[in-house]
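Asks: Got a structure for you, upload08.cif, holding mmCIF, C-alpha atoms and all ligand atoms.
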data_final
loop_
_atom_site.label_atom_id
_atom_site.label_comp_id
_atom_site.auth_asym_id
_atom_site.auth_seq_id
_atom_site.Cartn_x
_atom_site.Cartn_y
_atom_site.Cartn_z
CA MET A 1 104.42 213.95 231.22
CA SER A 2 102.56 210.86 230.05
CA PRO A 3 102.43 207.67 232.07
CA ILE A 4 103.15 204.15 230.81
CA VAL A 5 100.55 201.40 231.08
CA MET A 6 101.71 197.80 231.58
CA LYS A 7 99.38 194.78 231.43
CA PHE A 8 100.20 191.26 232.59
CA GLY A 9 98.18 188.24 231.46
CA GLY A 10 97.38 185.09 233.42
CA THR A 11 100.57 183.13 232.76
CA SER A 12 102.65 186.19 233.73
CA VAL A 13 101.04 186.24 237.20
CA ALA A 14 100.49 182.48 237.52
CA ASP A 15 102.07 182.16 240.99
CA LEU A 16 103.95 184.17 243.62
CA GLU A 17 107.27 183.66 241.91
CA ARG A 18 105.89 185.08 238.64
CA ILE A 19 104.25 187.96 240.53
CA ASN A 20 107.62 188.78 242.10
CA HIS A 21 109.18 188.79 238.65
CA VAL A 22 106.41 191.11 237.40
CA ALA A 23 107.10 193.40 240.37
CA ASP A 24 110.73 193.61 239.20
CA LEU A 25 109.63 194.56 235.67
CA VAL A 26 107.23 197.21 237.02
CA ALA A 27 109.87 198.54 239.43
CA ALA A 28 112.36 198.98 236.57
CA GLN A 29 109.74 200.83 234.51
CA ALA A 30 108.68 203.00 237.46
CA LYS A 31 112.28 204.16 237.97
CA GLU A 32 112.47 205.16 234.31
CA SER A 33 109.01 206.63 233.64
CA LYS A 34 108.70 210.29 234.64
CA GLY A 35 104.93 210.30 234.07
CA GLY A 36 104.16 207.38 236.39
CA VAL A 37 102.98 203.82 235.86
CA ALA A 38 99.61 202.06 235.84
CA VAL A 39 99.62 198.25 235.84
CA ILE A 40 96.68 196.08 234.82
CA VAL A 41 96.61 192.46 235.93
CA SER A 42 94.66 189.37 234.90
CA ALA A 43 93.73 186.57 237.25
CA MET A 44 96.31 183.80 237.83
CA ALA A 45 96.43 181.37 234.87
CA GLY A 46 93.50 178.95 234.99
CA GLU A 47 91.69 180.86 237.74
CA THR A 48 89.00 182.45 235.54
CA ASN A 49 88.30 179.03 233.97
CA ARG A 50 87.88 177.60 237.46
CA LEU A 51 85.50 180.39 238.47
CA VAL A 52 83.48 180.07 235.25
CA SER A 53 83.13 176.30 235.84
CA LEU A 54 82.03 176.94 239.38
CA ALA A 55 79.38 179.40 238.21
CA ASN A 56 78.24 177.01 235.47
CA GLU A 57 78.12 174.14 237.94
CA ALA A 58 75.92 176.30 240.14
CA ALA A 59 73.72 176.99 237.12
CA GLY A 60 73.52 173.24 236.43
CA SER A 61 72.44 172.57 239.98
CA GLY A 62 69.63 175.09 239.58
CA LEU A 63 71.22 177.69 241.89
CA VAL A 64 71.32 180.40 239.19
CA GLY A 65 69.71 180.97 235.81
CA GLU A 66 71.37 179.91 232.59
CA THR A 67 72.12 183.39 231.28
CA PHE A 68 74.90 185.58 232.63
CA ASP A 69 73.61 187.70 235.44
CA ASP A 70 75.06 190.18 237.87
CA GLU A 71 76.11 187.63 240.47
CA TYR A 72 77.86 185.52 237.82
CA ASP A 73 80.12 188.54 237.25
CA VAL A 74 80.75 188.92 240.99
CA VAL A 75 82.07 185.36 240.98
CA VAL A 76 84.23 185.44 237.83
CA ALA A 77 85.68 188.91 238.49
CA SER A 78 87.18 187.82 241.80
CA GLY A 79 90.39 186.35 240.32
CA GLU A 80 91.71 189.77 239.34
CA GLN A 81 91.13 191.18 242.84
CA VAL A 82 93.60 188.64 244.24
CA THR A 83 96.42 189.40 241.78
CA SER A 84 96.03 193.18 242.08
CA GLY A 85 96.46 192.98 245.86
CA LEU A 86 99.41 190.60 245.66
CA LEU A 87 101.26 192.73 243.12
CA ALA A 88 100.66 195.92 245.13
CA LEU A 89 102.17 194.16 248.16
CA ALA A 90 105.19 192.99 246.15
CA LEU A 91 105.78 196.56 244.95
CA ARG A 92 105.51 197.97 248.48
CA LYS A 93 108.08 195.40 249.59
CA ARG A 94 110.42 196.95 247.00
CA GLY A 95 109.96 200.39 248.55
CA PHE A 96 107.38 201.82 246.12
CA ARG A 97 104.11 203.48 246.95
CA ALA A 98 101.54 201.23 245.32
CA ARG A 99 97.86 200.36 245.73
CA SER A 100 95.27 198.16 244.09
CA TRP A 101 92.28 199.62 242.22
CA LEU A 102 89.21 197.48 241.66
CA GLY A 103 86.85 198.24 238.78
CA TRP A 104 84.24 199.84 241.06
CA GLN A 105 86.85 201.96 242.86
CA MET A 106 88.24 203.76 239.82
CA PRO A 107 85.42 203.53 238.70
CA MET A 108 85.56 201.83 235.28
CA ILE A 109 82.00 202.50 234.12
CA THR A 110 80.49 199.94 231.71
CA ASN A 111 77.06 199.15 230.30
CA ASP A 112 75.06 196.48 232.12
CA VAL A 113 75.50 193.58 229.66
CA HIS A 114 76.86 191.13 232.21
CA GLY A 115 79.50 188.71 230.93
CA LYS A 116 80.44 190.92 227.99
CA ALA A 117 80.07 194.52 229.15
CA ARG A 118 81.49 197.43 227.17
CA ILE A 119 83.47 200.20 228.82
CA GLU A 120 81.76 203.58 228.64
CA ASP A 121 83.93 205.84 230.73
CA ILE A 122 86.60 205.97 233.41
CA GLU A 123 85.56 208.49 236.02
CA GLY A 124 88.32 210.31 237.81
CA ASN A 125 87.95 209.20 241.40
CA GLY A 126 91.50 210.27 242.31
CA PHE A 127 92.95 207.59 240.02
CA SER A 128 95.06 209.74 237.70
CA GLU A 129 95.99 212.08 240.58
CA ALA A 130 97.39 209.09 242.48
CA ILE A 131 99.51 208.09 239.48
CA GLY A 132 100.62 211.71 239.01
CA SER A 133 101.76 211.76 242.64
CA GLY A 134 104.12 208.85 241.93
CA GLU A 135 101.99 206.05 243.36
CA ILE A 136 101.89 202.90 241.23
CA ALA A 137 98.29 201.99 240.41
CA VAL A 138 97.64 198.25 240.19
CA VAL A 139 94.32 197.81 238.41
CA ALA A 140 92.24 194.62 238.50
CA GLY A 141 91.58 193.98 234.79
CA PHE A 142 88.48 192.41 233.20
CA GLN A 143 86.06 194.12 235.61
CA GLY A 144 83.97 197.27 235.70
CA ARG A 145 80.90 198.79 237.34
CA SER A 146 77.54 199.40 235.74
CA ALA A 147 75.59 202.62 236.20
CA GLU A 148 73.48 200.69 238.71
CA GLY A 149 76.60 200.08 240.79
CA ARG A 150 76.92 196.37 240.01
CA ILE A 151 80.16 194.55 239.12
CA THR A 152 80.48 193.69 235.41
CA THR A 153 83.03 191.75 233.36
CA LEU A 154 84.29 192.52 229.87
CA GLY A 155 84.29 189.08 228.22
CA ARG A 156 87.12 186.53 228.10
CA GLY A 157 90.50 188.14 227.49
CA GLY A 158 89.01 191.44 228.68
CA SER A 159 92.04 192.62 230.68
CA ASP A 160 93.60 193.71 227.39
CA THR A 161 90.65 196.05 226.95
CA SER A 162 90.91 197.30 230.55
CA ALA A 163 94.56 198.16 229.85
CA VAL A 164 93.91 200.04 226.62
CA ALA A 165 90.98 201.91 228.22
CA VAL A 166 93.23 203.01 231.10
CA ALA A 167 95.95 204.01 228.60
CA ALA A 168 93.44 206.04 226.56
CA GLY A 169 92.01 207.65 229.71
CA LEU A 170 95.46 208.63 230.99
CA ASN A 171 96.71 209.68 227.55
CA ALA A 172 99.54 207.22 228.11
CA LEU A 173 102.68 207.10 226.03
CA ARG A 174 102.11 203.41 225.27
CA CYS A 175 100.25 200.34 226.44
CA ASP A 176 102.61 197.39 226.97
CA ILE A 177 100.78 194.03 226.93
CA TYR A 178 103.02 191.40 228.56
CA THR A 179 102.11 187.80 227.76
CA ASP A 180 103.67 184.36 227.23
CA VAL A 181 104.79 184.98 223.63
CA ASP A 182 107.29 187.64 222.57
CA GLY A 183 104.94 189.40 220.18
CA VAL A 184 102.30 188.98 217.52
CA TYR A 185 103.23 186.19 215.12
CA THR A 186 102.29 185.55 211.50
CA THR A 187 100.02 182.87 212.94
CA ASP A 188 99.54 181.09 216.26
CA PRO A 189 103.08 179.89 217.14
CA ARG A 190 101.52 177.01 219.07
CA ILE A 191 100.35 175.34 215.90
CA VAL A 192 102.91 176.51 213.35
CA SER A 193 106.49 176.21 214.54
CA LYS A 194 107.68 178.24 211.54
CA ALA A 195 105.52 181.25 212.52
CA ARG A 196 107.50 184.49 212.58
CA ARG A 197 107.29 187.40 214.99
CA ILE A 198 106.02 190.56 213.31
CA ASP A 199 107.92 193.77 214.19
CA ARG A 200 105.05 196.15 213.44
CA ILE A 201 101.45 195.49 212.54
CA SER A 202 98.72 198.01 211.69
CA TYR A 203 95.66 198.45 213.90
CA GLU A 204 93.45 197.34 211.02
CA GLU A 205 95.33 194.10 210.42
CA MET A 206 95.51 193.37 214.16
CA LEU A 207 91.78 194.01 214.45
CA GLU A 208 91.09 191.46 211.71
CA MET A 209 93.58 188.96 213.18
CA ALA A 210 91.97 189.24 216.63
CA SER A 211 88.38 189.09 215.45
CA LEU A 212 89.16 186.14 213.17
CA GLY A 213 90.58 184.08 216.02
CA ALA A 214 94.10 185.20 217.10
CA LYS A 215 93.43 185.50 220.80
CA VAL A 216 96.72 187.22 221.63
CA LEU A 217 94.71 190.48 222.00
CA GLN A 218 91.00 190.86 222.73
CA THR A 219 89.31 192.36 219.64
CA ARG A 220 87.72 195.20 221.57
CA SER A 221 91.13 196.30 222.92
CA VAL A 222 92.46 196.79 219.39
CA GLU A 223 89.35 198.69 218.36
CA LEU A 224 89.72 201.00 221.34
CA ALA A 225 93.45 201.51 220.68
CA MET A 226 92.76 202.35 217.04
CA ASN A 227 90.03 204.84 217.92
CA HIS A 228 92.15 206.59 220.55
CA GLY A 229 95.53 206.28 218.81
CA VAL A 230 97.08 204.28 221.67
CA PRO A 231 100.24 202.46 220.53
CA ILE A 232 100.23 198.87 221.84
CA ARG A 233 103.35 196.82 222.32
CA VAL A 234 102.87 193.07 222.76
CA LEU A 235 105.84 191.44 224.48
CA SER A 236 106.88 188.54 226.68
CA SER A 237 107.20 188.82 230.45
CA PHE A 238 109.46 185.75 230.26
CA ALA A 239 112.14 187.34 228.05
CA PRO A 240 115.43 188.48 229.61
CA ALA A 241 115.60 192.23 230.36
CA GLY A 242 116.82 194.29 227.40
CA ASP A 243 116.10 191.57 224.82
CA GLU A 244 115.92 193.46 221.54
CA ASN A 245 113.96 190.73 219.81
CA ASN A 246 111.09 191.07 222.24
CA GLY A 247 107.88 192.68 221.07
CA THR A 248 105.51 193.77 218.32
CA LEU A 249 104.25 197.31 217.94
CA VAL A 250 100.61 197.72 216.92
CA CYS A 251 100.44 201.14 215.27
CA ASP A 252 99.12 203.21 212.35
CA GLU A 253 99.65 201.75 208.89
CA ASP A 254 101.73 204.76 207.77
CA GLU A 255 104.28 204.06 210.51
CA ILE A 256 105.11 200.75 208.81
CA MET A 257 107.72 200.94 206.08
CA GLU A 258 107.70 197.42 204.77
CA LYS A 259 104.19 196.26 203.93
CA GLN A 260 103.42 192.62 203.28
CA VAL A 261 100.67 191.47 200.93
CA VAL A 262 99.61 188.94 203.56
CA SER A 263 100.70 189.70 207.13
CA GLY A 264 99.08 186.88 208.99
CA ILE A 265 96.80 183.86 209.13
CA ALA A 266 94.13 183.32 211.75
CA TYR A 267 91.78 180.45 212.49
CA SER A 268 88.73 179.87 214.59
CA ARG A 269 87.28 176.51 215.60
CA ASP A 270 84.30 178.07 217.33
CA GLU A 271 82.12 177.97 214.22
CA ALA A 272 78.86 176.33 213.21
CA LYS A 273 77.37 176.21 209.71
CA ILE A 274 73.59 176.33 209.43
CA SER A 275 71.92 175.54 206.11
CA LEU A 276 68.29 176.39 205.46
CA LEU A 277 67.24 174.27 202.50
CA GLY A 278 64.41 174.98 200.09
CA VAL A 279 63.65 178.51 201.26
CA VAL A 280 60.77 180.08 199.33
CA ASN A 281 62.58 182.74 197.32
CA HIS A 282 60.79 186.07 197.35
CA PRO A 283 61.72 189.64 198.27
CA GLY A 284 62.01 189.76 202.04
CA ALA A 285 63.04 186.11 202.54
CA ALA A 286 66.51 187.03 203.83
CA ALA A 287 65.07 189.81 205.98
CA SER A 288 62.59 187.41 207.52
CA ILE A 289 65.39 184.96 208.48
CA PHE A 290 68.06 187.36 209.68
CA SER A 291 65.77 189.76 211.55
CA ARG A 292 64.62 186.84 213.70
CA LEU A 293 68.23 185.88 214.41
CA ALA A 294 69.14 189.48 215.22
CA ASP A 295 66.20 189.75 217.63
CA ALA A 296 67.55 186.65 219.39
CA ASN A 297 71.04 188.26 219.61
CA VAL A 298 72.59 185.60 217.38
CA ASN A 299 75.74 187.02 215.80
CA VAL A 300 75.74 185.88 212.17
CA ASP A 301 79.06 185.89 210.31
CA MET A 302 79.33 184.44 206.77
CA ILE A 303 76.21 184.26 204.57
CA VAL A 304 75.71 182.57 201.19
CA GLN A 305 72.50 182.32 199.21
CA ALA A 306 72.20 180.10 196.16
CA ASP A 307 69.37 178.96 193.93
CA ALA A 308 68.08 175.50 194.68
CA ARG A 309 66.19 173.43 192.14
CA GLY A 310 64.91 176.36 190.11
CA PRO A 311 64.60 180.07 190.77
CA ASP A 312 61.66 179.94 193.20
CA LYS A 313 63.59 178.06 195.88
CA ALA A 314 66.91 179.00 197.49
CA ASN A 315 69.35 177.54 199.99
CA MET A 316 70.53 179.95 202.65
CA VAL A 317 73.77 179.05 204.42
CA PHE A 318 75.25 181.07 207.29
CA THR A 319 77.71 180.68 210.15
CA CYS A 320 77.63 181.66 213.81
CA THR A 321 79.41 180.56 217.00
CA GLN A 322 78.78 177.06 218.31
CA ARG A 323 77.16 178.50 221.41
CA ASP A 324 74.66 180.51 219.33
CA SER A 325 73.90 177.67 216.90
CA GLU A 326 71.35 175.87 219.11
CA LEU A 327 69.44 179.08 219.69
CA ALA A 328 69.57 179.92 215.96
CA VAL A 329 68.10 176.54 215.02
CA SER A 330 65.31 176.77 217.58
CA VAL A 331 64.39 180.35 216.54
CA LEU A 332 64.25 179.34 212.87
CA THR A 333 62.40 176.07 213.49
CA ASP A 334 59.78 177.93 215.53
CA ALA A 335 59.19 180.23 212.55
CA LYS A 336 59.35 177.51 209.85
CA GLU A 337 55.90 178.27 208.47
CA GLU A 338 56.29 182.07 208.42
CA ILE A 339 59.75 181.94 206.79
CA GLY A 340 58.85 179.07 204.48
CA PHE A 341 61.65 176.51 204.16
CA GLU A 342 61.92 172.73 203.87
CA SER A 343 64.62 171.76 206.36
CA VAL A 344 67.50 173.02 208.49
CA VAL A 345 70.89 171.27 208.80
CA VAL A 346 73.64 172.14 211.30
CA ASP A 347 77.32 171.26 210.91
CA ARG A 348 79.56 171.99 213.91
CA ASP A 349 82.62 170.25 212.42
CA VAL A 350 83.78 173.38 210.66
CA SER A 351 86.59 175.93 211.13
CA LYS A 352 87.20 179.31 209.61
CA VAL A 353 90.68 180.04 208.26
CA SER A 354 91.53 183.60 207.19
CA VAL A 355 94.42 185.37 205.50
CA ILE A 356 94.89 189.02 206.40
CA GLY A 357 96.94 191.83 204.91
CA VAL A 358 96.58 195.49 203.94
CA GLY A 359 98.59 194.70 200.79
CA MET A 360 95.50 192.94 199.38
CA ARG A 361 94.11 196.36 198.54
CA SER A 362 96.69 196.79 195.81
CA HIS A 363 97.64 193.23 194.83
CA THR A 364 95.76 190.76 192.70
CA GLY A 365 95.98 186.98 192.84
CA VAL A 366 95.84 186.70 196.64
CA ALA A 367 92.66 184.61 196.56
CA LYS A 368 94.03 182.37 193.81
CA THR A 369 97.09 181.53 195.95
CA MET A 370 94.78 180.61 198.82
CA PHE A 371 92.47 178.42 196.75
CA ASP A 372 95.39 176.69 194.99
CA ALA A 373 97.16 175.93 198.27
CA LEU A 374 94.01 174.42 199.76
CA SER A 375 93.11 172.40 196.68
CA ASP A 376 96.68 171.02 196.48
CA ARG A 377 96.10 169.54 199.96
CA GLY A 378 92.66 168.19 198.99
CA ILE A 379 90.86 170.62 201.32
CA ASN A 380 87.33 171.46 200.25
CA ILE A 381 86.10 175.03 200.69
CA GLN A 382 82.52 175.24 201.94
CA VAL A 383 81.95 179.01 202.23
CA ILE A 384 84.07 182.03 201.24
CA SER A 385 83.85 185.60 202.49
CA THR A 386 86.07 188.57 201.76
CA SER A 387 86.65 192.14 202.85
CA GLU A 388 89.17 194.71 201.66
CA ILE A 389 92.01 193.22 203.72
CA LYS A 390 91.01 189.61 204.40
CA ILE A 391 89.76 186.40 202.80
CA SER A 392 88.10 183.77 204.98
CA VAL A 393 87.12 180.23 204.10
CA LEU A 394 85.07 177.69 205.99
CA ILE A 395 86.49 174.16 205.90
CA ASN A 396 86.06 170.85 207.70
CA SER A 397 87.65 171.34 211.15
CA SER A 398 89.86 168.27 210.89
CA TYR A 399 91.91 170.14 208.24
CA THR A 400 92.42 173.31 210.31
CA GLU A 401 96.09 172.92 211.15
CA LEU A 402 96.97 171.54 207.72
CA ALA A 403 95.27 174.52 206.07
CA VAL A 404 96.97 177.09 208.30
CA ARG A 405 100.40 175.53 207.66
CA ALA A 406 99.81 175.25 203.92
CA LEU A 407 98.77 178.90 203.66
CA HIS A 408 101.65 180.04 205.85
CA THR A 409 104.05 178.43 203.38
CA ALA A 410 102.13 179.53 200.27
CA TYR A 411 102.36 183.23 201.23
CA GLY A 412 106.07 182.97 202.02
CA LEU A 413 105.61 183.57 205.73
CA ASP A 414 107.66 180.60 207.03
CA ALA A 415 110.66 181.53 209.15
CA GLU A 416 114.00 180.42 207.76
CA SER A 417 115.27 177.50 209.78
P1 LIG B 1 97.42 186.25 228.31
O1 LIG B 1 97.00 185.30 229.37
O2 LIG B 1 98.78 186.83 228.57
O3 LIG B 1 96.39 187.31 228.03
P2 LIG B 1 96.59 184.75 225.96
O4 LIG B 1 96.59 183.28 226.14
O5 LIG B 1 95.29 185.46 226.04
O6 LIG B 1 97.63 185.38 227.00
O7 LIG B 1 97.27 185.13 224.56
C1 LIG B 1 98.54 184.64 224.23
C2 LIG B 1 98.42 183.42 223.34
O8 LIG B 1 97.83 183.80 222.09
C3 LIG B 1 99.73 182.81 222.93
O9 LIG B 1 100.18 181.89 223.88
C4 LIG B 1 99.43 182.15 221.57
O10 LIG B 1 99.27 180.76 221.65
C5 LIG B 1 98.09 182.76 221.17
N1 LIG B 1 98.10 183.29 219.79
C6 LIG B 1 97.16 183.04 218.85
N2 LIG B 1 97.47 183.63 217.70
C7 LIG B 1 98.62 184.31 217.90
C8 LIG B 1 99.44 185.13 217.07
N3 LIG B 1 99.13 185.39 215.80
N4 LIG B 1 100.56 185.67 217.62
C9 LIG B 1 100.90 185.42 218.90
N5 LIG B 1 100.17 184.65 219.74
C10 LIG B 1 99.04 184.09 219.26
N1 LIG B 2 91.03 186.59 233.46
C1 LIG B 2 90.16 186.90 232.33
C2 LIG B 2 90.12 185.71 231.37
O1 LIG B 2 90.76 184.71 231.60
C3 LIG B 2 90.55 188.16 231.64
C4 LIG B 2 91.90 188.14 230.97
O2 LIG B 2 92.75 187.29 231.29
O3 LIG B 2 92.15 189.01 230.13
O4 LIG B 2 89.41 185.77 230.40
MG MG B 3 94.62 187.28 226.86
#
Let me see the structure of the file written as structure tokens.

Replies:
Amino acid sequence: MSPIVMKFGGTSVADLERINHVADLVAAQAKESKGGVAVIVSAMAGETNRLVSLANEAAGSGLVGETFDDEYDVVVASGEQVTSGLLALALRKRGFRARSWLGWQMPMITNDVHGKARIEDIEGNGFSEAIGSGEIAVVAGFQGRSAEGRITTLGRGGSDTSAVAVAAGLNALRCDIYTDVDGVYTTDPRIVSKARRIDRISYEEMLEMASLGAKVLQTRSVELAMNHGVPIRVLSSFAPAGDENNGTLVCDEDEIMEKQVVSGIAYSRDEAKISLLGVVNHPGAAASIFSRLADANVNVDMIVQADARGPDKANMVFTCTQRDSELAVSVLTDAKEEIGFESVVVDRDVSKVSVIGVGMRSHTGVAKTMFDALSDRGINIQVISTSEIKISVLINSSYTELAVRALHTAYGLDAES
């Protein structure tokens, strides 16, 4: 019999009262589930931010280096240890056998890229046997252990990935991600009040939504769920028990009857646009630029090349995260002579807005609707990129919310009021 995996985010375990409520939800599930229950917890809301600031402050005072290192992870992983212990205690108080499991105890084996480690394996150190025996496992999310035996963390929002990895490892029936919204919405409900909850969304669409900015699920968690066929349900821990309007199922596309042309709209403000002007245009010019960026671990997203003042010069425009943009500029400036360009310009006042939907594969005119809606609002498009199921545009960041709302209306996604 397969177990159920439940994950609770920061706001769901924000204080002792919330943790007690979570214990009630877990207790109800444990009584029902014949295959046992594993629970994954995040740190209390705001706690990881506090720990990150503390570590950065230490870096600023010269105590640690600027890059993430192993001790940075020891600091920021500590929030989850607290909530796993508190929830295990609350479950014991209710008469259940329960214990906490830290990343190194399971162990959740990851690579050694501190600050954004990837899970490689969950070794069976009595973990699944404990669940099989009826004990509730309360797992500290976000953290793992490298092959060298050091504590690692999985990147911000990483408890989602811990949960899906545990669900995949246990062959769980489902992975329930409890958060502060009652499902995945057509766009971030915090900025569009007319956003609608989606009943079912495909892994592919959810993967695009997450990687294009919808932080309701960490991108890696969706990728892992898709690869292992783990159904994810996103639901609110604040909803009354038995609420039928609570939750979104993330599942295979063929399990969804009613397919939308556009399912959702995502945005990301963490963007920078870098323009290399007057690049000497010859075979190998792009390779010379982007291989240097790759060697520096700069993650490049959109790329546009256009002729500039005649065919022997080009302008090369690309985007990356704001954090990477300084490094990108310094790497390129250092190699100005070898690459051969006139100047480099950075614009950090940009946002990326994307429309996503599997229906784009079979419908035409989706891009036209997007461009019309933006031009009607006087929003200038700076860069465009497309894939089979998404169109992204880069715009001035002051228009982000206006653009998201306009597109939400243009694709008929607004909830009826
Ligand atoms: P948790 O702490 O539970 O992991 P997060 O803050 O990481 O919660 O994710 C939930 C938040 O994601 C919501 O409060 C919401 O503002 C945001 N969000 C962004 N895009 C969406 C979307 N399309 N659907 C639902 N929530 C979204
Ligand atoms: N506590 C971690 C964070 O805030 C992990 C998580 O909540 O998923 O990023
Ligand atoms: Mg989260």

Asks: Show which residues sit within 12 Å of Ser78 (chain A), as a PyMOL selection string. Count all atoms listed in the file, and ignore same-chain residues fewer than 5 positions away.

Replies: chain A and resi 42-44+47-52+71-73+83-85+102-103+140-144+151-153

Asks: Find the residues near Ile40 (chain A): any atom within 10 Å, counting only C-alpha atoms, skip ones fewer than 6 places away on the same chain, and give them as a CSV table (one decimal) with C-alpha atoms, in the frame of the given file.

Replies:
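To be explicit, this is the file written out as result_32.csv:
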chain,number,residue,atom,x,y,z
A,5,VAL,CA,100.6,201.4,231.1
A,6,MET,CA,101.7,197.8,231.6
A,7,LYS,CA,99.4,194.8,231.4
A,8,PHE,CA,100.2,191.3,232.6
A,9,GLY,CA,98.2,188.2,231.5
A,80,GLU,CA,91.7,189.8,239.3
A,83,THR,CA,96.4,189.4,241.8
A,84,SER,CA,96.0,193.2,242.1
A,100,SER,CA,95.3,198.2,244.1
A,101,TRP,CA,92.3,199.6,242.2
A,137,ALA,CA,98.3,202.0,240.4
A,138,VAL,CA,97.6,198.2,240.2
A,139,VAL,CA,94.3,197.8,238.4
A,140,ALA,CA,92.2,194.6,238.5
A,141,GLY,CA,91.6,194.0,234.8
A,142,PHE,CA,88.5,192.4,233.2
A,159,SER,CA,92.0,192.6,230.7
A,160,ASP,CA,93.6,193.7,227.4
A,161,THR,CA,90.6,196.0,227.0
A,162,SER,CA,90.9,197.3,230.6
A,163,ALA,CA,94.6,198.2,229.8
A,164,VAL,CA,93.9,200.0,226.6
A,166,VAL,CA,93.2,203.0,231.1
A,176,ASP,CA,102.6,197.4,227.0
A,177,ILE,CA,100.8,194.0,226.9

Asks: Using all atoms listed in the file, pick whichever of A:Thr219, A:Ser392, A:Asn111, A:Asn56 has the shortest atom-to-atom distance to ligand MG 3 (chain B).

Replies: A:Thr219

Asks: Set the cut-off to 6 Å, count all atoms listed in the file, and list whatever residues fall near ligand MG 3 (chain B) as a ChimeraX atom specification.

Replies: /A:9,157,216-217

Asks: Only C-alpha atoms, please: the residues just picked out, written as a JSON list (two decimals), in the coordinates of the input.

Replies:
[["chain", "number", "residue", "atom", "x", "y", "z"],
["A", 9, "GLY", "CA", 98.18, 188.24, 231.46],
["A", 157, "GLY", "CA", 90.50, 188.14, 227.49],
["A", 216, "VAL", "CA", 96.72, 187.22, 221.63],
["A", 217, "LEU", "CA", 94.71, 190.48, 222.00]]

Asks: Please provide the set of residues having any atom within 12 Å of Glu401 (chain A), restricted to all atoms listed in the file, with same-chain residues fewer than 5 positions apart removed, written as a PyMOL selection string.

Replies: chain A and resi 187-193+265-269+351-353+374+377+379+395-396+406-408

Asks: Give me the box for ligand LIG 2 (chain B) as AutoDock Vina command-line options, namely the centre and edge lengths in Å to one decimal of a box along x, y and z that holds every listed atom plus 3 Å on each side.

Replies:
--center_x 91.1 --center_y 186.9 --center_z 231.8 --size_x 9.3 --size_y 10.3 --size_z 9.3

Asks: How far is it from atom O7 of ligand LIG 1 (chain B) to CA of Gln322 (chain A), in Å with one decimal?

Replies: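 Spanning atom O7 of ligand LIG 1 (chain B) to CA of Gln322 (chain A) is a straight-line distance of 21.1 Å.
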
Asks: CA of Val393 (chain A) and atom C3 of ligand LIG 1 (chain B), how far apart in Å?

Replies: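 Result for atom C3 of ligand LIG 1 (chain B) versus CA of Val393 (chain A): 22.8 Å, one decimal.
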
Asks: Extract, using only C-alpha atoms, all DNA, RNA and protein residues at most 8 Å from Val358 (chain A), discarding same-chain residues fewer than 6 positions from it, and format them as JSON, numbers by chain.

Replies: {"A": [204, 205, 259, 260, 261, 262, 263, 388, 389]}
